[in-house]
$ cat target_7.cif   # mmCIF, C-alpha atoms and all ligand atoms
data_target
#
loop_
_atom_site.label_atom_id
_atom_site.label_comp_id
_atom_site.auth_asym_id
_atom_site.auth_seq_id
_atom_site.Cartn_x
_atom_site.Cartn_y
_atom_site.Cartn_z
CA MET A 1 17.18 -57.01 5.82
CA ASN A 2 20.00 -55.12 7.41
CA ARG A 3 23.59 -54.59 6.35
CA GLU A 4 25.04 -56.63 9.20
CA GLU A 5 23.11 -59.75 8.21
CA VAL A 6 24.03 -59.26 4.58
CA LEU A 7 27.69 -58.83 5.46
CA ASP A 8 27.68 -61.99 7.60
CA SER A 9 26.22 -63.90 4.71
CA VAL A 10 28.73 -62.46 2.25
CA LYS A 11 31.56 -63.52 4.54
CA ASP A 12 30.06 -67.01 4.94
CA ASN A 13 29.87 -67.49 1.19
CA VAL A 14 32.91 -65.67 -0.18
CA GLU A 15 36.44 -66.52 0.94
CA ASN A 16 38.44 -64.53 -1.58
CA ALA A 17 39.34 -61.24 0.10
CA ASN A 18 39.64 -59.40 -3.21
CA LEU A 19 36.18 -60.49 -4.21
CA VAL A 20 34.77 -59.22 -0.91
CA LYS A 21 36.57 -55.92 -1.52
CA HIS A 22 35.03 -55.77 -4.99
CA MET A 23 31.60 -56.17 -3.39
CA PHE A 24 32.40 -53.39 -0.87
CA ALA A 25 33.50 -51.11 -3.70
CA THR A 26 30.36 -51.90 -5.69
CA GLU A 27 28.25 -51.15 -2.61
CA ALA A 28 29.98 -47.81 -2.04
CA ILE A 29 29.46 -46.67 -5.63
CA MET A 30 25.85 -47.87 -5.67
CA ARG A 31 25.19 -45.87 -2.50
CA ALA A 32 26.72 -42.78 -4.06
CA LEU A 33 24.61 -43.21 -7.20
CA ALA A 34 21.45 -43.69 -5.13
CA ARG A 35 22.20 -40.38 -3.41
CA ARG A 36 22.88 -38.76 -6.76
CA PHE A 37 19.50 -39.90 -8.10
CA GLY A 38 17.46 -39.62 -4.90
CA GLU A 39 16.92 -43.39 -4.87
CA ASP A 40 16.83 -45.73 -1.87
CA GLU A 41 20.44 -45.81 -0.70
CA GLU A 42 20.05 -48.92 1.43
CA GLU A 43 18.40 -50.87 -1.37
CA TRP A 44 21.01 -49.86 -3.94
CA GLY A 45 23.92 -50.35 -1.56
CA LEU A 46 22.89 -53.78 -0.41
CA THR A 47 22.29 -54.84 -4.01
CA GLY A 48 25.91 -53.94 -4.69
CA LEU A 49 27.13 -55.74 -1.59
CA LEU A 50 25.18 -58.88 -2.48
CA HIS A 51 25.64 -59.06 -6.23
CA ASP A 52 28.49 -61.59 -6.37
CA ILE A 53 27.57 -63.56 -3.26
CA ASP A 54 27.28 -66.74 -5.34
CA ALA A 55 30.52 -66.24 -7.28
CA GLU A 56 32.41 -68.98 -5.42
CA LEU A 57 29.40 -71.24 -4.92
CA THR A 58 28.75 -71.33 -8.66
CA GLU A 59 32.44 -72.08 -9.37
CA GLY A 60 32.58 -70.13 -12.59
CA ASP A 61 29.38 -71.62 -13.98
CA MET A 62 28.02 -68.56 -15.74
CA SER A 63 24.70 -70.27 -16.39
CA SER A 64 23.95 -70.15 -12.66
CA HIS A 65 25.90 -67.08 -11.51
CA GLY A 66 23.34 -64.45 -10.59
CA LYS A 67 20.49 -66.95 -10.37
CA LEU A 68 21.76 -68.47 -7.17
CA GLY A 69 22.73 -65.01 -5.95
CA ALA A 70 19.22 -63.73 -6.56
CA ASP A 71 17.75 -66.74 -4.72
CA LEU A 72 20.08 -66.33 -1.75
CA SER A 73 19.26 -62.63 -1.65
CA ARG A 74 15.52 -63.27 -1.70
CA GLU A 75 15.93 -65.74 1.17
CA MET A 76 17.63 -62.97 3.12
CA GLY A 77 14.68 -60.67 2.45
CA ALA A 78 15.89 -58.75 -0.59
CA SER A 79 13.21 -57.07 -2.67
CA GLU A 80 12.28 -58.40 -6.10
CA ALA A 81 13.91 -55.28 -7.57
CA MET A 82 17.20 -56.18 -5.91
CA ALA A 83 16.99 -59.81 -7.00
CA HIS A 84 16.29 -58.71 -10.57
CA ALA A 85 19.33 -56.43 -10.65
CA ILE A 86 21.50 -59.29 -9.36
CA LEU A 87 20.07 -61.62 -12.02
CA CYS A 88 20.70 -59.32 -14.94
CA HIS A 89 24.18 -58.17 -13.95
CA ASN A 90 25.28 -61.47 -15.51
CA GLU A 91 24.32 -60.75 -19.08
CA THR A 92 24.92 -64.34 -20.17
CA LEU A 93 21.63 -65.22 -18.43
CA GLY A 94 19.84 -63.13 -21.02
CA VAL A 95 17.63 -61.34 -18.48
CA SER A 96 17.31 -57.82 -19.76
CA SER A 97 17.98 -54.78 -17.62
CA GLU A 98 14.85 -52.75 -17.08
CA THR A 99 15.13 -50.52 -14.04
CA LYS A 100 17.64 -47.85 -13.13
CA LEU A 101 18.85 -50.17 -10.35
CA ASP A 102 19.49 -52.96 -12.90
CA LYS A 103 21.38 -50.61 -15.18
CA ALA A 104 23.37 -49.00 -12.36
CA LEU A 105 24.66 -52.32 -11.05
CA TYR A 106 25.61 -53.37 -14.56
CA CYS A 107 27.82 -50.36 -15.26
CA VAL A 108 29.28 -50.10 -11.75
CA ASP A 109 30.49 -53.72 -11.68
CA PRO A 110 33.48 -53.25 -14.04
CA LEU A 111 34.24 -49.68 -12.91
CA THR A 112 35.53 -50.94 -9.54
CA GLY A 113 38.24 -52.96 -11.30
CA LEU A 114 39.37 -50.06 -13.45
CA ILE A 115 39.66 -47.75 -10.44
CA THR A 116 41.42 -50.40 -8.33
CA ALA A 117 43.95 -50.96 -11.12
CA ALA A 118 44.48 -47.20 -11.44
CA ALA A 119 45.40 -47.11 -7.73
CA LEU A 120 47.67 -50.14 -7.89
CA VAL A 121 49.88 -48.67 -10.63
CA ARG A 122 50.64 -45.66 -8.44
CA PRO A 123 53.87 -45.93 -6.44
CA GLU A 124 51.86 -45.36 -3.23
CA LYS A 125 49.20 -47.87 -4.31
CA LYS A 126 46.65 -45.58 -2.69
CA LEU A 127 43.29 -44.38 -3.94
CA GLU A 128 43.92 -40.92 -2.52
CA ALA A 129 46.69 -40.48 -5.10
CA VAL A 130 44.33 -41.21 -7.98
CA GLU A 131 42.62 -38.42 -9.91
CA ALA A 132 39.51 -38.80 -12.01
CA LYS A 133 41.34 -37.56 -15.08
CA SER A 134 43.95 -40.32 -14.76
CA VAL A 135 41.20 -42.94 -14.54
CA ARG A 136 39.72 -41.36 -17.66
CA LYS A 137 43.08 -41.69 -19.39
CA ARG A 138 43.41 -45.32 -18.33
CA PHE A 139 39.90 -45.94 -19.60
CA LYS A 140 41.15 -45.19 -23.11
CA GLU A 141 44.10 -47.61 -22.83
CA LYS A 142 42.51 -50.83 -23.96
CA SER A 143 45.21 -53.10 -22.54
CA PHE A 144 45.03 -51.50 -19.08
CA ALA A 145 42.83 -53.59 -16.75
CA ALA A 146 41.50 -55.23 -19.87
CA GLY A 147 39.01 -57.29 -17.85
CA ALA A 148 37.13 -54.12 -16.97
CA SER A 149 34.80 -53.92 -19.96
CA ARG A 150 34.83 -50.40 -21.34
CA GLU A 151 31.64 -51.11 -23.23
CA GLN A 152 29.90 -52.09 -20.01
CA ILE A 153 31.24 -49.06 -18.12
CA ASN A 154 30.03 -46.85 -20.96
CA THR A 155 26.46 -47.96 -20.34
CA CYS A 156 26.45 -45.36 -17.53
CA ILE A 157 24.82 -43.23 -20.20
CA ASP A 158 21.75 -45.47 -19.80
CA ILE A 159 21.31 -44.11 -16.26
CA GLY A 160 21.84 -40.58 -17.51
CA LEU A 161 25.48 -40.10 -16.55
CA GLU A 162 28.32 -38.94 -18.75
CA LEU A 163 31.44 -41.06 -18.34
CA ASP A 164 33.36 -38.24 -16.62
CA GLU A 165 30.79 -37.81 -13.90
CA PHE A 166 30.40 -41.56 -13.48
CA ILE A 167 34.15 -41.96 -12.96
CA GLU A 168 34.21 -39.04 -10.51
CA ILE A 169 31.37 -40.50 -8.45
CA GLY A 170 32.96 -43.95 -8.49
CA LEU A 171 36.39 -42.71 -7.50
CA LEU A 172 35.07 -40.54 -4.67
CA ALA A 173 32.94 -43.38 -3.35
CA MET A 174 35.85 -45.82 -3.35
CA GLN A 175 38.16 -43.23 -1.77
CA GLY A 176 35.59 -42.93 1.00
CA ILE A 177 36.12 -46.57 2.00
CA ALA A 178 39.80 -46.82 1.06
CA PRO A 179 40.88 -48.50 4.33
CA GLN A 180 38.30 -51.25 3.81
CA LEU A 181 39.61 -51.76 0.32
CA GLY A 182 43.22 -51.81 1.53
CA LEU A 183 44.02 -49.06 -0.96
FE FE B 201 30.87 -58.06 -9.63
#

$ encode --input "target_7.cif" --output "structure tokens"
Amino acid sequence: MNREEVLDSVKDNVENANLVKHMFATEAIMRALARRFGEDEEEWGLTGLLHDIDAELTEGDMSSHGKLGADLSREMGASEAMAHAILCHNETLGVSSETKLDKALYCVDPLTGLITAAALVRPEKKLEAVEAKSVRKRFKEKSFAAGASREQINTCIDIGLELDEFIEIGLLAMQGIAPQLGL
């Protein structure tokens, strides 16, 4: 599978521009983590890009979100490892995270929202104006971007990263694609 095909499929299945941006952000951070760990960057990146491909198709049905995404991904040629990560990023399915790829996707997913919110509260609304230490501060404010589960972000420790480094990697990765994210 190549990125172009995956992107076409994402665009065919997801209309909401913010959701597509979330998938871009997830891809960028997954790529950065793959580089950090010497893992397969394409596999990790495309897992991030694909992970919510079924979010509109499943219309909020959390009992199928992730399952359909994994099936669609397999049809496109995704590896079983990728499909498994997509399955278990929705914890309500009860599929337990096993691999580093599974665990990485799980903790990256909510981090994108926290970092996006940290950019949007800046007067410039730009990622370049955001510093890792301000994201760290926002992390501690429970009411700030409350949808971004702090508990889930904290599972970065399961892939061997301290929160500070995880935030730094995530911020840098998102800054690297800021124009695509409109931030
Ligand atoms: Fe997501």

$ residues_around --input "target_7.cif" --residues "segment 3-8 of chain A" --least-positions-apart "4" --cutoff "12 Å" --atoms "only C-alpha atoms" --output "list in words"
Asp12, Asn13, Val14, Glu15, Val20, Lys21, Met23, Phe24, Glu27, Glu41, Glu42, Glu43, Trp44, Gly45, Leu46, Thr47, Gly48, Leu49, Leu50, His51, Ile53, Leu72, Ser73, Arg74, Glu75, Met76, Gly77 and Ala78 of chain A

$ residues_near_ligand --input "target_7.cif" --ligand "ligand FE 201 (chain B)" --cutoff "8 Å" --atoms "only C-alpha atoms and all ligand atoms" --output "ChimeraX atom specification"
/A:19,22-23,26,51-52,89,109-110

$ atom_distance --input "target_7.cif" --atom1 "atom CA of Leu87 of chain A" --atom2 "atom CA of Gly60 of chain A"
15.1 Å

$ closest_atom_pairs --input "target_7.cif" --of "segment 86-133 of chain A" --to "segment 167-175 of chain A" --cutoff "9 Å" --atoms "all atoms listed in the file" --output "Markdown table"
| residue | atom | partner | partner_atom | distance |
| --- | --- | --- | --- | --- |
| A:Val108 | CA | A:Gly170 | CA | 7.9 |
| A:Leu111 | CA | A:Gly170 | CA | 7.3 |
| A:Thr112 | CA | A:Gly170 | CA | 7.5 |
| A:Ile115 | CA | A:Leu171 | CA | 6.7 |
| A:Thr116 | CA | A:Met174 | CA | 8.8 |
| A:Lys126 | CA | A:Gln175 | CA | 8.9 |
| A:Leu127 | CA | A:Gln175 | CA | 5.7 |
| A:Glu128 | CA | A:Gln175 | CA | 6.3 |
| A:Val130 | CA | A:Leu171 | CA | 8.1 |
| A:Glu131 | CA | A:Leu171 | CA | 7.9 |
| A:Ala132 | CA | A:Glu168 | CA | 5.5 |
| A:Lys133 | CA | A:Glu168 | CA | 8.6 |

$ write_last_selection --input "target_7.cif" --atoms "C-alpha atoms" --output "CSV table (one decimal), keeping the file's coordinate frame"
chain,number,residue,atom,x,y,z
A,108,VAL,CA,29.3,-50.1,-11.8
A,111,LEU,CA,34.2,-49.7,-12.9
A,112,THR,CA,35.5,-50.9,-9.5
A,115,ILE,CA,39.7,-47.8,-10.4
A,116,THR,CA,41.4,-50.4,-8.3
A,126,LYS,CA,46.6,-45.6,-2.7
A,127,LEU,CA,43.3,-44.4,-3.9
A,128,GLU,CA,43.9,-40.9,-2.5
A,130,VAL,CA,44.3,-41.2,-8.0
A,131,GLU,CA,42.6,-38.4,-9.9
A,132,ALA,CA,39.5,-38.8,-12.0
A,133,LYS,CA,41.3,-37.6,-15.1

$ residues_around --input "target_7.cif" --residues "segment 93-103 of chain A" --least-positions-apart "5" --cutoff "8 Å" --atoms "only C-alpha atoms" --output "VMD selection string"
chain A and resid 44 62 to 64 81 to 82 84 to 88 155 to 156 158 to 159

$ closest_residue --input "target_7.cif" --among "A:Glu56, A:Gly66, A:Gly176, A:Ala117" --to "Gly147 of chain A" --atoms "only C-alpha atoms"
A:Ala117

$ closest_residue --input "target_7.cif" --among "A:Ala55, A:Val135, A:Ala32, A:Ala83" --to "Val10 of chain A" --atoms "only C-alpha atoms"
A:Ala55

$ atom_distance --input "target_7.cif" --atom1 "atom CA of Gly160 of chain A" --atom2 "atom CA of Ser134 of chain A"
22.3 Å

$ closest_residue --input "target_7.cif" --among "A:Ala118, A:Ile157, A:Met1, A:Ala34" --to "Lys137 of chain A" --atoms "only C-alpha atoms"
A:Ala118

$ closest_residue --input "target_7.cif" --among "A:Thr92, A:Ala178, A:Leu161, A:Ala148" --to "Ala129 of chain A" --atoms "all atoms listed in the file"
A:Ala178
